[in-house]
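J.: For reference, this is data-v1.cif, and it has mmCIF, C-alpha atoms.
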data_start
#
loop_
_atom_site.label_atom_id
_atom_site.label_comp_id
_atom_site.auth_asym_id
_atom_site.auth_seq_id
_atom_site.Cartn_x
_atom_site.Cartn_y
_atom_site.Cartn_z
CA MET A 21 127.89 190.75 -114.35
CA LEU A 22 124.16 191.25 -113.85
CA VAL A 23 123.91 188.29 -111.49
CA ARG A 24 126.93 189.51 -109.51
CA THR A 25 125.23 192.90 -109.08
CA TYR A 26 122.09 191.31 -107.72
CA PHE A 27 124.15 189.09 -105.44
CA PHE A 28 126.02 192.10 -104.03
CA ASN A 29 122.79 193.98 -103.32
CA PHE A 30 121.24 190.82 -101.88
CA CYS A 31 124.13 190.30 -99.46
CA LYS A 32 124.00 193.89 -98.25
CA THR A 33 120.29 193.63 -97.41
CA SER A 34 120.28 190.10 -95.98
CA ARG A 35 122.52 190.25 -92.92
CA SER A 36 119.73 189.34 -90.54
CA TYR A 37 118.99 186.05 -92.29
CA SER A 38 120.53 182.71 -91.37
CA SER A 39 122.96 181.10 -93.81
CA PHE A 40 120.34 178.59 -94.91
CA GLU A 41 117.71 181.29 -95.40
CA ARG A 42 120.16 183.45 -97.35
CA CYS A 43 121.13 180.54 -99.61
CA SER A 44 117.50 179.67 -100.31
CA ARG A 45 116.57 183.29 -100.90
CA PHE A 46 119.59 183.84 -103.13
CA LYS A 47 118.64 180.90 -105.38
CA LYS A 48 115.15 182.33 -105.78
CA VAL A 49 116.58 185.76 -106.61
CA ILE A 50 118.95 184.29 -109.20
CA LEU A 51 116.18 182.27 -110.85
CA MET A 52 113.94 185.34 -110.90
CA VAL A 53 116.66 187.54 -112.43
CA LEU A 54 117.64 184.98 -115.07
CA MET A 55 114.02 184.38 -116.05
CA MET A 56 113.27 188.11 -116.22
CA GLU A 57 116.38 188.75 -118.28
CA LYS A 58 115.71 185.86 -120.66
CA ASN A 59 112.08 186.90 -121.24
CA TRP A 60 113.07 190.50 -121.79
CA LEU A 61 115.82 189.60 -124.28
CA ASN A 62 113.48 187.31 -126.19
CA ASP A 63 110.95 190.15 -126.48
CA VAL A 64 113.64 192.48 -127.81
CA LEU A 65 114.80 189.95 -130.40
CA ARG A 66 111.23 189.31 -131.54
CA ASN A 67 110.88 193.03 -132.13
CA LEU A 68 114.13 193.00 -134.12
CA CYS A 69 112.74 190.31 -136.43
CA THR A 70 109.57 192.36 -136.88
CA ASN A 71 111.21 195.74 -137.44
CA ARG A 72 114.43 194.97 -139.33
CA ALA A 73 113.38 193.24 -142.54
CA ASP A 74 116.51 194.71 -144.12
CA ILE A 75 118.62 192.44 -141.90
CA LEU A 76 116.69 189.21 -141.39
CA GLY A 77 114.26 189.40 -144.30
CA GLU A 78 110.51 189.87 -144.64
CA GLU A 79 108.21 187.92 -142.32
CA SER A 80 111.04 186.37 -140.29
CA THR A 81 110.03 184.76 -137.01
CA TYR A 82 112.27 184.76 -133.96
CA LEU A 83 113.01 181.33 -132.45
CA GLU A 84 115.84 181.66 -129.91
CA PHE A 85 119.21 183.23 -129.14
CA GLU A 86 122.23 180.92 -129.40
CA THR A 87 124.95 182.22 -127.10
CA ASP A 88 128.65 181.97 -127.94
CA GLU A 89 130.68 181.85 -124.75
CA SER A 90 134.02 181.93 -126.58
CA TYR A 91 133.84 185.73 -126.57
CA GLU A 92 132.45 186.24 -123.07
CA ASN A 93 135.77 186.56 -121.22
CA LYS A 94 136.94 189.21 -123.66
CA SER A 95 133.93 191.49 -123.32
CA SER A 96 134.79 193.60 -120.29
CA ALA A 97 136.71 196.25 -122.20
CA ASP A 98 133.90 196.90 -124.66
CA GLY A 99 131.89 199.14 -122.38
CA LEU A 100 132.41 200.43 -118.87
CA ASN A 101 128.70 200.92 -118.26
CA SER A 102 127.33 197.71 -119.74
CA ASN A 103 127.85 194.01 -120.20
CA GLN A 104 127.80 192.07 -123.45
CA LEU A 105 126.21 188.87 -124.59
CA TYR A 106 127.59 187.26 -127.76
CA GLY A 107 125.81 184.85 -130.06
CA LYS A 108 123.55 184.39 -133.08
CA ILE A 109 119.83 184.95 -133.61
CA ILE A 110 118.03 181.81 -134.74
CA TYR A 111 114.93 182.61 -136.77
CA LYS A 112 112.59 181.16 -139.38
CA ASP A 113 112.48 182.94 -142.74
CA GLU A 114 109.37 183.53 -144.89
CA ARG A 115 109.83 180.10 -146.54
CA GLY A 116 109.93 178.32 -143.20
CA ASN A 117 113.67 177.63 -143.26
CA VAL A 118 115.51 177.83 -139.93
CA CYS A 119 118.38 180.34 -140.27
CA LYS A 120 121.09 181.89 -138.16
CA SER A 121 122.09 185.54 -138.22
CA GLU A 122 125.64 186.77 -138.48
CA PRO A 123 127.40 186.89 -135.06
CA VAL A 124 126.00 189.72 -132.94
CA VAL A 125 126.73 191.31 -129.59
CA VAL A 126 123.90 192.36 -127.30
CA LYS A 127 124.92 195.31 -125.18
CA ARG A 128 122.79 195.33 -122.06
CA ALA A 129 122.15 197.40 -118.98
CA LEU A 130 119.53 196.73 -116.35
CA ASN A 131 119.24 199.49 -113.76
CA THR A 132 117.73 198.46 -110.48
CA PHE A 133 117.99 201.96 -109.02
CA ARG A 134 116.32 204.97 -110.62
CA ALA A 135 119.25 207.09 -109.42
CA LYS A 136 121.45 205.65 -112.17
CA LEU A 137 120.23 208.19 -114.70
CA THR A 138 123.63 208.72 -116.27
CA LEU A 139 123.62 205.13 -117.52
CA SER A 140 120.19 205.62 -119.08
CA PHE A 141 121.36 208.86 -120.68
CA SER A 142 124.29 207.00 -122.23
CA PHE A 143 122.04 204.43 -123.86
CA ILE A 144 119.63 207.11 -125.10
CA ASN A 145 122.51 209.01 -126.68
CA GLU A 146 123.89 205.94 -128.38
CA LEU A 147 120.46 204.94 -129.64
CA ASN A 148 119.96 208.47 -131.02
CA PHE A 149 123.30 208.31 -132.79
CA TYR A 150 122.62 205.01 -134.56
CA THR A 151 118.96 205.65 -135.40
CA LYS A 152 119.12 209.37 -136.31
CA ILE A 153 122.64 210.66 -136.93
CA MET A 154 123.90 207.63 -138.86
CA PRO A 155 120.97 207.37 -141.32
CA THR A 156 121.26 211.11 -142.02
CA PHE A 157 125.00 210.99 -142.67
CA ASN A 158 124.55 207.87 -144.79
CA THR A 159 122.50 209.93 -147.23
CA LEU A 160 125.64 212.00 -147.86
CA ASP A 161 127.77 208.92 -148.45
CA ALA A 162 126.97 205.36 -147.41
CA THR A 163 130.60 204.71 -146.46
CA PHE A 164 129.93 206.63 -143.24
CA SER A 165 128.52 203.47 -141.69
CA THR A 166 131.83 201.66 -142.22
CA LEU A 167 133.36 203.81 -139.47
CA PHE A 168 131.14 202.06 -136.93
CA PRO A 169 129.83 198.56 -136.20
CA LYS A 170 126.69 197.53 -138.05
CA PHE A 171 123.70 198.43 -135.89
CA TYR A 172 120.83 195.94 -135.65
CA HIS A 173 118.35 197.16 -133.06
CA GLY A 174 117.89 199.12 -129.84
CA GLU A 175 115.22 199.38 -127.16
CA MET A 176 114.79 201.15 -123.84
CA ILE A 177 112.06 200.54 -121.28
CA PHE A 178 111.48 202.73 -118.23
CA ASN A 179 109.44 201.34 -115.39
CA ALA A 180 109.29 201.15 -111.59
CA GLU A 181 111.27 197.91 -111.43
CA GLY A 182 114.23 199.33 -113.32
CA ASP A 183 115.35 200.88 -116.59
CA GLN A 184 116.09 198.23 -119.21
CA SER A 185 118.33 199.08 -122.14
CA THR A 186 119.51 196.96 -125.04
CA LEU A 187 121.58 197.72 -128.14
CA ILE A 188 122.43 195.02 -130.69
CA PHE A 189 125.44 195.28 -133.01
CA GLU A 190 127.43 193.03 -135.28
CA ASN A 191 130.15 191.16 -133.41
CA LEU A 192 133.32 192.87 -134.61
CA LYS A 193 135.48 190.30 -132.86
CA SER A 194 134.15 187.60 -135.16
CA LYS A 195 135.56 189.67 -138.05
CA GLY A 196 139.03 189.91 -136.55
CA TYR A 197 138.75 193.26 -134.76
CA THR A 198 140.11 193.58 -131.27
CA MET A 199 141.16 196.16 -128.69
CA SER A 200 144.70 197.42 -128.58
CA GLU A 201 146.63 195.47 -125.98
CA LYS A 202 147.99 198.73 -124.62
CA LYS A 203 145.49 201.14 -123.11
CA SER A 204 147.67 204.17 -122.41
CA PHE A 205 150.37 205.13 -124.94
CA LEU A 206 149.66 203.62 -128.34
CA SER A 207 152.10 203.11 -131.20
CA TYR A 208 152.39 205.67 -133.98
CA GLN A 209 150.60 203.25 -136.35
CA HIS A 210 147.59 203.04 -134.02
CA LEU A 211 147.48 206.80 -133.53
CA ASN A 212 147.84 207.53 -137.24
CA LEU A 213 144.89 205.26 -138.00
CA MET A 214 142.80 206.84 -135.25
CA MET A 215 143.50 210.34 -136.60
CA ARG A 216 142.59 209.33 -140.16
CA LYS A 217 139.28 207.82 -139.07
CA LEU A 218 138.57 210.88 -136.95
CA GLY A 219 139.13 213.19 -139.92
CA GLN A 220 136.68 211.14 -141.98
CA PHE A 221 134.11 211.24 -139.18
CA HIS A 222 134.32 215.00 -138.63
CA ALA A 223 134.12 215.68 -142.39
CA TYR A 224 130.48 214.59 -142.44
CA SER A 225 129.47 217.35 -140.04
CA TYR A 226 130.97 220.07 -142.25
CA LYS A 227 129.27 218.54 -145.28
CA ALA A 228 125.90 218.32 -143.52
CA LYS A 229 126.16 221.89 -142.21
CA LYS A 230 126.37 223.13 -145.78
CA SER A 231 124.03 220.76 -147.61
CA MET A 232 121.28 220.14 -145.01
CA PRO A 233 121.49 222.76 -142.24
CA ASN A 234 117.80 222.59 -141.32
CA LEU A 235 118.16 218.88 -140.66
CA PHE A 236 121.69 218.81 -139.28
CA TYR A 237 121.53 221.33 -136.45
CA PRO A 238 118.47 219.89 -134.66
CA LEU A 239 120.01 216.42 -134.91
CA ALA A 240 123.45 217.58 -133.79
CA ARG A 241 122.03 219.13 -130.64
CA ASN A 242 119.76 216.20 -129.89
CA PHE A 243 121.82 214.60 -127.14
CA LEU A 244 121.46 214.33 -123.40
CA GLU A 245 124.20 216.11 -121.50
CA SER A 246 126.52 213.45 -120.06
CA CYS A 247 128.72 216.04 -118.35
CA ARG A 248 126.61 216.03 -115.19
CA GLU A 249 127.37 217.85 -111.98
CA LEU A 250 130.15 215.94 -110.23
CA ASN A 251 129.65 214.64 -106.73
CA LYS A 252 132.08 215.61 -103.97
CA GLU A 253 134.22 212.48 -104.33
CA SER A 254 134.62 212.99 -108.08
CA PHE A 255 135.42 216.66 -107.59
CA ASP A 256 138.06 215.81 -104.99
CA MET A 257 139.58 213.25 -107.36
CA LEU A 258 139.90 215.87 -110.10
CA ALA A 259 141.19 218.57 -107.77
CA PHE A 260 143.92 216.36 -106.32
CA GLY A 261 144.68 214.76 -109.67
CA VAL A 262 145.44 218.00 -111.51
CA GLN A 263 147.75 219.01 -108.68
CA ARG A 264 149.91 215.94 -109.28
CA GLY A 265 151.24 217.26 -112.59
CA LEU A 266 151.54 220.82 -111.26
CA ASP A 267 153.67 219.69 -108.31
CA HIS A 268 156.04 217.88 -110.64
CA LEU A 269 156.19 220.86 -112.99
CA GLN A 270 157.58 223.01 -110.18
CA LEU A 271 160.72 220.87 -110.17
CA ASP A 272 161.67 222.23 -113.60
CA PRO A 273 162.99 225.83 -113.36
CA THR A 274 162.02 226.48 -116.98
CA TYR A 275 158.32 226.26 -116.15
CA VAL A 276 158.12 227.63 -112.60
CA GLU A 277 156.91 231.03 -113.82
CA TYR A 278 153.78 229.43 -115.26
CA ILE A 279 152.66 227.77 -112.02
CA PRO A 280 150.54 230.68 -110.64
CA GLN A 281 148.64 231.01 -113.92
CA LEU A 282 148.08 227.26 -114.14
CA GLN A 283 146.89 227.16 -110.53
CA LYS A 284 144.32 229.80 -111.37
CA ILE A 285 143.16 227.99 -114.51
CA LEU A 286 142.83 224.68 -112.69
CA GLU A 287 141.54 225.88 -109.31
CA ASN A 288 138.14 224.44 -110.24
CA ALA A 289 138.91 221.50 -112.50
CA ALA A 290 135.28 220.39 -112.77
CA ASP A 291 134.24 223.78 -114.14
CA VAL A 292 137.07 223.72 -116.68
CA LEU A 293 135.86 220.34 -117.88
CA ALA A 294 132.20 221.34 -118.09
CA SER A 295 132.74 224.74 -119.73
CA ILE A 296 134.82 223.35 -122.60
CA LEU A 297 132.59 220.33 -123.22
CA THR A 298 129.33 222.30 -123.13
CA GLY A 299 130.27 225.78 -124.30
CA ASP A 300 130.88 225.40 -128.04
CA ARG A 301 127.48 224.89 -129.63
CA ASN A 302 127.70 228.16 -131.60
CA ASN A 303 131.31 227.70 -132.66
CA PRO A 304 131.49 227.64 -136.50
CA PHE A 305 134.19 224.95 -136.30
CA SER A 306 132.11 222.61 -134.12
CA VAL A 307 131.22 219.13 -135.34
CA ILE A 308 129.55 216.05 -133.96
CA VAL A 309 132.34 214.56 -131.87
CA HIS A 310 132.73 211.07 -130.44
CA GLY A 311 133.25 212.54 -126.97
CA ASP A 312 135.34 209.70 -125.57
CA TYR A 313 137.69 208.93 -128.43
CA LEU A 314 140.36 206.88 -126.68
CA SER A 315 141.87 203.43 -127.09
CA HIS A 316 139.09 201.63 -125.19
CA ASN A 317 136.52 202.90 -127.69
CA VAL A 318 138.31 201.84 -130.87
CA MET A 319 138.66 198.31 -132.24
CA PHE A 320 141.52 197.52 -134.61
CA LYS A 321 142.13 194.92 -137.29
CA TYR A 322 145.72 193.77 -137.73
CA GLU A 323 147.90 192.38 -140.47
CA ASN A 324 151.30 191.05 -139.38
CA ASP A 325 150.74 192.74 -136.00
CA VAL A 326 150.30 196.16 -137.63
CA PRO A 327 146.87 197.83 -137.44
CA ASN A 328 145.37 198.39 -140.89
CA ASP A 329 141.78 199.29 -140.04
CA ALA A 330 139.84 200.74 -137.11
CA ILE A 331 136.20 201.06 -136.10
CA MET A 332 134.78 203.43 -133.50
CA ILE A 333 132.50 202.02 -130.81
CA ASP A 334 130.51 203.34 -127.85
CA MET A 335 128.86 206.58 -128.99
CA ALA A 336 127.27 207.15 -125.59
CA THR A 337 128.96 210.52 -125.08
CA PHE A 338 128.67 211.99 -128.57
CA ARG A 339 127.99 215.72 -128.61
CA TYR A 340 128.14 218.79 -130.79
CA GLY A 341 131.34 220.63 -129.95
CA SER A 342 134.86 221.64 -130.89
CA PRO A 343 136.86 219.04 -132.84
CA VAL A 344 139.54 219.48 -130.18
CA ILE A 345 137.37 217.41 -127.82
CA ASP A 346 138.37 214.35 -129.84
CA LEU A 347 141.77 215.51 -131.11
CA ALA A 348 143.21 216.51 -127.74
CA LYS A 349 142.25 213.19 -126.16
CA VAL A 350 144.17 211.26 -128.79
CA LEU A 351 147.24 213.51 -128.71
CA TYR A 352 147.42 214.03 -124.94
CA VAL A 353 146.08 210.81 -123.42
CA ASN A 354 146.92 208.08 -125.94
CA ALA A 355 150.19 209.61 -127.19
CA ASP A 356 153.28 209.99 -125.02
CA GLN A 357 155.65 212.95 -125.15
CA ASP A 358 158.19 211.20 -127.38
CA THR A 359 155.44 210.58 -129.95
CA ARG A 360 154.27 214.18 -129.73
CA ASP A 361 157.84 215.44 -130.23
CA LYS A 362 158.46 213.24 -133.27
CA HIS A 363 155.06 212.92 -134.91
CA TRP A 364 152.79 215.82 -133.92
CA ASP A 365 152.84 217.35 -137.39
CA SER A 366 152.34 214.07 -139.23
CA LEU A 367 149.45 213.04 -136.98
CA VAL A 368 147.70 216.39 -137.43
CA ASN A 369 148.36 216.17 -141.18
CA GLU A 370 146.80 212.69 -141.29
CA TYR A 371 143.66 214.04 -139.64
CA TYR A 372 143.50 217.11 -141.87
CA THR A 373 144.14 215.18 -145.09
CA ALA A 374 141.27 212.82 -144.26
CA LEU A 375 139.10 215.82 -143.39
CA LYS A 376 139.76 217.33 -146.83
CA GLU A 377 139.61 214.18 -148.95
CA THR A 378 136.41 212.66 -147.57
CA PHE A 379 134.43 215.27 -149.51
CA VAL A 380 136.77 217.08 -151.90
CA GLU A 381 134.27 219.92 -152.45
CA ASN A 382 133.74 220.40 -148.71
CA GLU A 383 134.11 223.78 -147.04
CA ILE A 384 136.27 223.08 -144.01
CA PRO A 385 138.35 225.21 -141.64
CA SER A 386 142.03 225.70 -142.44
CA LYS A 387 144.60 223.65 -140.57
CA ASN A 388 145.59 226.74 -138.58
CA GLU A 389 141.96 227.29 -137.61
CA ILE A 390 141.74 223.70 -136.41
CA LEU A 391 144.94 224.16 -134.38
CA SER A 392 143.57 227.40 -132.91
CA GLU A 393 140.88 225.27 -131.27
CA PHE A 394 143.59 223.86 -129.00
CA ILE A 395 144.19 227.30 -127.48
CA ASP A 396 142.67 227.45 -123.99
CA LYS A 397 140.52 224.37 -124.77
CA SER A 398 143.00 221.50 -124.87
CA ILE A 399 143.54 221.94 -121.11
CA PHE A 400 140.40 219.85 -120.56
CA ALA A 401 142.38 216.83 -121.83
CA TYR A 402 144.87 217.38 -119.00
CA VAL A 403 142.03 217.40 -116.45
CA LEU A 404 140.75 214.07 -117.79
CA ALA A 405 144.26 212.64 -118.04
CA SER A 406 144.92 213.53 -114.41
CA PHE A 407 142.46 210.83 -113.43
CA PHE A 408 142.30 208.34 -116.30
CA LEU A 409 145.89 208.26 -117.56
CA GLN A 410 147.39 206.97 -114.35
CA LEU A 411 144.84 204.15 -114.32
CA LEU A 412 145.70 203.21 -117.92
CA ILE A 413 149.44 203.26 -117.20
CA THR A 414 148.93 201.14 -114.10
CA ASN A 415 146.88 198.64 -116.08
CA ASP A 416 149.52 198.43 -118.83
CA ASN A 417 152.14 197.60 -116.22
CA GLY A 418 150.13 194.59 -115.08
CA ILE A 419 149.17 196.03 -111.69
CA LEU A 420 145.70 195.14 -110.44
CA ILE A 421 143.45 198.19 -110.13
CA ARG A 422 140.44 198.11 -107.88
CA ASN A 423 137.04 198.17 -109.51
CA ALA A 424 135.36 201.58 -109.37
CA SER A 425 132.63 200.25 -107.06
CA GLU A 426 135.27 199.26 -104.51
CA TYR A 427 136.22 202.89 -104.01
CA HIS A 428 133.19 203.33 -101.79
CA SER A 429 133.58 200.65 -99.16
CA GLU A 430 132.44 201.44 -95.63
CA ASN A 431 135.95 201.18 -94.17
CA GLU A 432 137.58 203.85 -96.34
CA THR A 433 137.55 207.60 -96.28
CA THR A 434 137.57 209.77 -99.36
CA GLU A 435 141.06 210.93 -98.42
CA SER A 436 142.45 207.40 -98.27
CA VAL A 437 140.96 206.54 -101.64
CA ILE A 438 142.40 209.70 -103.20
CA GLU A 439 145.77 208.88 -101.68
CA GLU A 440 145.73 205.49 -103.39
CA VAL A 441 144.56 206.89 -106.73
CA LEU A 442 147.29 209.53 -106.72
CA HIS A 443 149.94 206.84 -106.42
CA ASN A 444 148.65 204.79 -109.34
CA GLY A 445 151.13 204.67 -112.20
CA GLY A 446 153.99 205.85 -109.99
CA GLU A 447 156.68 208.13 -111.40
CA PRO A 448 155.85 207.40 -115.07
CA ALA A 449 152.29 208.69 -114.57
CA THR A 450 153.45 211.79 -112.70
CA ARG A 451 156.02 212.59 -115.38
CA ALA A 452 153.45 212.01 -118.14
CA LEU A 453 151.04 214.51 -116.58
CA SER A 454 153.78 217.09 -116.20
CA ASN A 455 154.81 216.54 -119.83
CA ILE A 456 151.26 217.30 -120.99
CA LEU A 457 151.41 220.71 -119.31
CA LYS A 458 154.89 221.39 -120.69
CA ASP A 459 153.79 220.51 -124.21
CA MET A 460 150.71 222.74 -124.02
CA ILE A 461 152.85 225.63 -122.74
CA ASP A 462 155.54 225.10 -125.42
CA ARG A 463 152.91 225.09 -128.18
CA LYS A 464 151.30 228.20 -126.65
CA PHE A 465 147.97 226.50 -126.14
CA ILE A 466 147.95 227.74 -122.52
CA CYS A 467 149.78 230.44 -120.56
CA ARG A 468 150.40 232.48 -123.72
#
Starting from the file, give its structure as C-alpha cells.
T.:
Amino acid sequence: MLVRTYFFNFCKTSRSYSSFERCSRFKKVILMVLMMEKNWLNDVLRNLCTNRADILGEESTYLEFETDESYENKSSADGLNSNQLYGKIIYKDERGNVCKSEPVVVKRALNTFRAKLTLSFSFINELNFYTKIMPTFNTLDATFSTLFPKFYHGEMIFNAEGDQSTLIFENLKSKGYTMSEKKSFLSYQHLNLMMRKLGQFHAYSYKAKKSMPNLFYPLARNFLESCRELNKESFDMLAFGVQRGLDHLQLDPTYVEYIPQLQKILENAADVLASILTGDRNNPFSVIVHGDYLSHNVMFKYENDVPNDAIMIDMATFRYGSPVIDLAKVLYVNADQDTRDKHWDSLVNEYYTALKETFVENEIPSKNEILSEFIDKSIFAYVLASFFLQLLITNDNGILIRNASEYHSENETTESVIEEVLHNGGEPATRALSNILKDMIDRKFICR
C-alpha cells in the first residue's frame, strides 16, 4: 500500500520525463522508500525490546522481523487509515538464546504530506487509549484488557519528511479471530455479542468516575477531536445523503406530517453530527466510547459458524460522550429493521445486563435513563448511515465500490460523484435509510 502511494504521487509529478527516465527514477524511489521503511521499523522494534521487558523479557536484543505473508491479503479491512504488516519479532534473550515472539501485527502509517493531520490525530488517540486509558482501567479489573487486542508498543515521529506512526498488537487472526463476512446487517448473534461487550466496556467508565474521579476525568478528555470541520465535498455528500431517506419517507402517508420537522433538523447535517459527538462532556451519563463501534472494528471468534467471542479494535476515534454514540451505531447501522422489530428489547437488555454485572456494586444509570439518551441524539446515526450504510450494503452484494481516493479524479465533478454515491445500494439502501427514520419516529426519539 505504501509503495503504491509513492508510485501514484511519482506518476503525477513525472509527466515530463521519458519512459526510460521514469522507470529508472521509479526504481530509485522504490528502493529509497523500502530502505527508509525497513530502517524505521527496525528502530521501532529495537525500542520495543528495550522498553517492554514484560513481553520479551529483560535484556532482550532485537535481531530482525520475520514477515508472514499468509495474512497480508486479509489485512485491508483492519483499518481504513493504515496498512498492516504481519509477522514475528526475532530476538535474543538474556541467556543468548534466539527466540521468536508470538504473532504480531504492525499497524503503520507514513504521511508524506503534512496536511494529513487527521491520520496523525487518529494514531495519537489510539496510542493514548492503549498507554493511558487501558492501564488505568486495568487497575479496576485486569479483565478489561481482554476486550481489546494485546498492545505491544507504539511510536510516532513528526518531521519535515513526513509523520511516521506505528502501533504493534498481537495478531488476533492467528488466534482464530476474523471479521464478520457481512459488513452491513449482522445476525442477531453478532449483534448480541457486540452489545454485551459494549456494556462491559462502558461499565468501567462509571466505576472509574466513582472510585478515581481525579484521575478519570483528565484521562477521559485527553483525546484529539476527530470530528473536524468537513470540506465542501464531504458536506455535500452528507446533505444529499440524508435527503435520500427523507425522499423515500414522503411516499408513506403515515409519516408525511413529520417531513417538515425532519427537514429542519437535518438542514445542516454536518452540524448535527458535530454537536452530538462533541457536546456531551458534562453529561452525567457520558462514558468513554469507542466512537466507531461498527462491524469493521470488531473481530469475532466462531464455533460451528456461530460467534462466541468478540474483541474491539481501532480505538482511533474514542471520546468521552453519550453511550448512545456507540449504541445507536450498532442498532441503526449494523441492525436491519426486522432485527429491530424482533430483538430491540433483548439487545438493549443484553447491553444493560453486562453494564450492571461487570461491577455489581457500580452506580449506573437506569435503563430508562440510558434509553433517554436516544432522544434527539440518535439522529446522528442516521446522518452517518446516509453515507456509510449504502456503501456497506453495496459491498455485501458483491458490487465493486470505488476506492475513496478515486472520488477526486480530474475528470469528475462533485455532482457526478454524489450522483454515483446516491445510487449505491439501490432500493435496499434507500428503504433501509427510510426505515431508520420511521423507527426513530415510532420510538419517539425524534419528532416527539
J.: How far is it from CA of Tyr372 (chain A) to CA of Ile345 (chain A), in Å with one decimal?
T.: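 So the answer is 15.3 Å.
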J.: I need the residue set behind the PyMOL selection byres ((chain A and resi 68) around 12) for this file; please write it as a VMD selection string.
T.: chain A and resid 61 to 67 69 to 83 109 to 111 121 126 171 to 175 186 to 189
J.: Selected residues, C-alpha atoms, written as a PDB file, keeping the file's coordinate frame, please.
T.:
ATOM      1  CA  LEU A  61     115.820 189.600-124.280  1.00  0.00           C
ATOM      2  CA  ASN A  62     113.480 187.310-126.190  1.00  0.00           C
ATOM      3  CA  ASP A  63     110.950 190.150-126.480  1.00  0.00           C
ATOM      4  CA  VAL A  64     113.640 192.480-127.810  1.00  0.00           C
ATOM      5  CA  LEU A  65     114.800 189.950-130.400  1.00  0.00           C
ATOM      6  CA  ARG A  66     111.230 189.310-131.540  1.00  0.00           C
ATOM      7  CA  ASN A  67     110.880 193.030-132.130  1.00  0.00           C
ATOM      8  CA  CYS A  69     112.740 190.310-136.430  1.00  0.00           C
ATOM      9  CA  THR A  70     109.570 192.360-136.880  1.00  0.00           C
ATOM     10  CA  ASN A  71     111.210 195.740-137.440  1.00  0.00           C
ATOM     11  CA  ARG A  72     114.430 194.970-139.330  1.00  0.00           C
ATOM     12  CA  ALA A  73     113.380 193.240-142.540  1.00  0.00           C
ATOM     13  CA  ASP A  74     116.510 194.710-144.120  1.00  0.00           C
ATOM     14  CA  ILE A  75     118.620 192.440-141.900  1.00  0.00           C
ATOM     15  CA  LEU A  76     116.690 189.210-141.390  1.00  0.00           C
ATOM     16  CA  GLY A  77     114.260 189.400-144.300  1.00  0.00           C
ATOM     17  CA  GLU A  78     110.510 189.870-144.640  1.00  0.00           C
ATOM     18  CA  GLU A  79     108.210 187.920-142.320  1.00  0.00           C
ATOM     19  CA  SER A  80     111.040 186.370-140.290  1.00  0.00           C
ATOM     20  CA  THR A  81     110.030 184.760-137.010  1.00  0.00           C
ATOM     21  CA  TYR A  82     112.270 184.760-133.960  1.00  0.00           C
ATOM     22  CA  LEU A  83     113.010 181.330-132.450  1.00  0.00           C
ATOM     23  CA  ILE A 109     119.830 184.950-133.610  1.00  0.00           C
ATOM     24  CA  ILE A 110     118.030 181.810-134.740  1.00  0.00           C
ATOM     25  CA  TYR A 111     114.930 182.610-136.770  1.00  0.00           C
ATOM     26  CA  SER A 121     122.090 185.540-138.220  1.00  0.00           C
ATOM     27  CA  VAL A 126     123.900 192.360-127.300  1.00  0.00           C
ATOM     28  CA  PHE A 171     123.700 198.430-135.890  1.00  0.00           C
ATOM     29  CA  TYR A 172     120.830 195.940-135.650  1.00  0.00           C
ATOM     30  CA  HIS A 173     118.350 197.160-133.060  1.00  0.00           C
ATOM     31  CA  GLY A 174     117.890 199.120-129.840  1.00  0.00           C
ATOM     32  CA  GLU A 175     115.220 199.380-127.160  1.00  0.00           C
ATOM     33  CA  THR A 186     119.510 196.960-125.040  1.00  0.00           C
ATOM     34  CA  LEU A 187     121.580 197.720-128.140  1.00  0.00           C
ATOM     35  CA  ILE A 188     122.430 195.020-130.690  1.00  0.00           C
ATOM     36  CA  PHE A 189     125.440 195.280-133.010  1.00  0.00           C
TER      37      PHE A 189
END
J.: Report as a list in words all protein, DNA and RNA residues lying within 9 Å of Asp459 (chain A), evaluated on only C-alpha atoms, omitting residues in the same chain fewer than 6 positions from it.
T.: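 The neighbour list is Gln357, Arg360, Asp361 and Phe465 of chain A.
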J.: Apply the PyMOL selection byres ((chain A and resi 143) around 8) to the file shown and report the selected residues as JSON, numbers by chain.
T.: {"A": [139, 140, 141, 142, 144, 145, 146, 147, 176, 185, 186, 187, 336]}
J.: Apply the PyMOL selection byres ((chain A and resi 334) around 12) to the file shown and report the selected residues as a VMD selection string.
T.: chain A and resid 97 to 102 127 142 to 147 149 to 150 167 to 169 171 187 to 189 310 to 319 331 to 333 335 to 338
J.: Restricting it to C-alpha atoms, dump the selection as a compact mmCIF listing (two decimals), in the coordinates of the input.
T.:
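What follows is the written file part23.txt:
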# COMPACT_ATOMS: atom_id res chain seq x y z
CA ALA A 97 136.71 196.25 -122.20
CA ASP A 98 133.90 196.90 -124.66
CA GLY A 99 131.89 199.14 -122.38
CA LEU A 100 132.41 200.43 -118.87
CA ASN A 101 128.70 200.92 -118.26
CA SER A 102 127.33 197.71 -119.74
CA LYS A 127 124.92 195.31 -125.18
CA SER A 142 124.29 207.00 -122.23
CA PHE A 143 122.04 204.43 -123.86
CA ILE A 144 119.63 207.11 -125.10
CA ASN A 145 122.51 209.01 -126.68
CA GLU A 146 123.89 205.94 -128.38
CA LEU A 147 120.46 204.94 -129.64
CA PHE A 149 123.30 208.31 -132.79
CA TYR A 150 122.62 205.01 -134.56
CA LEU A 167 133.36 203.81 -139.47
CA PHE A 168 131.14 202.06 -136.93
CA PRO A 169 129.83 198.56 -136.20
CA PHE A 171 123.70 198.43 -135.89
CA LEU A 187 121.58 197.72 -128.14
CA ILE A 188 122.43 195.02 -130.69
CA PHE A 189 125.44 195.28 -133.01
CA HIS A 310 132.73 211.07 -130.44
CA GLY A 311 133.25 212.54 -126.97
CA ASP A 312 135.34 209.70 -125.57
CA TYR A 313 137.69 208.93 -128.43
CA LEU A 314 140.36 206.88 -126.68
CA SER A 315 141.87 203.43 -127.09
CA HIS A 316 139.09 201.63 -125.19
CA ASN A 317 136.52 202.90 -127.69
CA VAL A 318 138.31 201.84 -130.87
CA MET A 319 138.66 198.31 -132.24
CA ILE A 331 136.20 201.06 -136.10
CA MET A 332 134.78 203.43 -133.50
CA ILE A 333 132.50 202.02 -130.81
CA MET A 335 128.86 206.58 -128.99
CA ALA A 336 127.27 207.15 -125.59
CA THR A 337 128.96 210.52 -125.08
CA PHE A 338 128.67 211.99 -128.57
J.: Nearest to Ala330 (chain A) among A:Leu160, A:Ala449, A:Met199, A:Leu105, with distances taken over all atoms listed in the file: which residue is it?
T.: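 The answer is A:Met199, which sits nearest to Ala330 (chain A).
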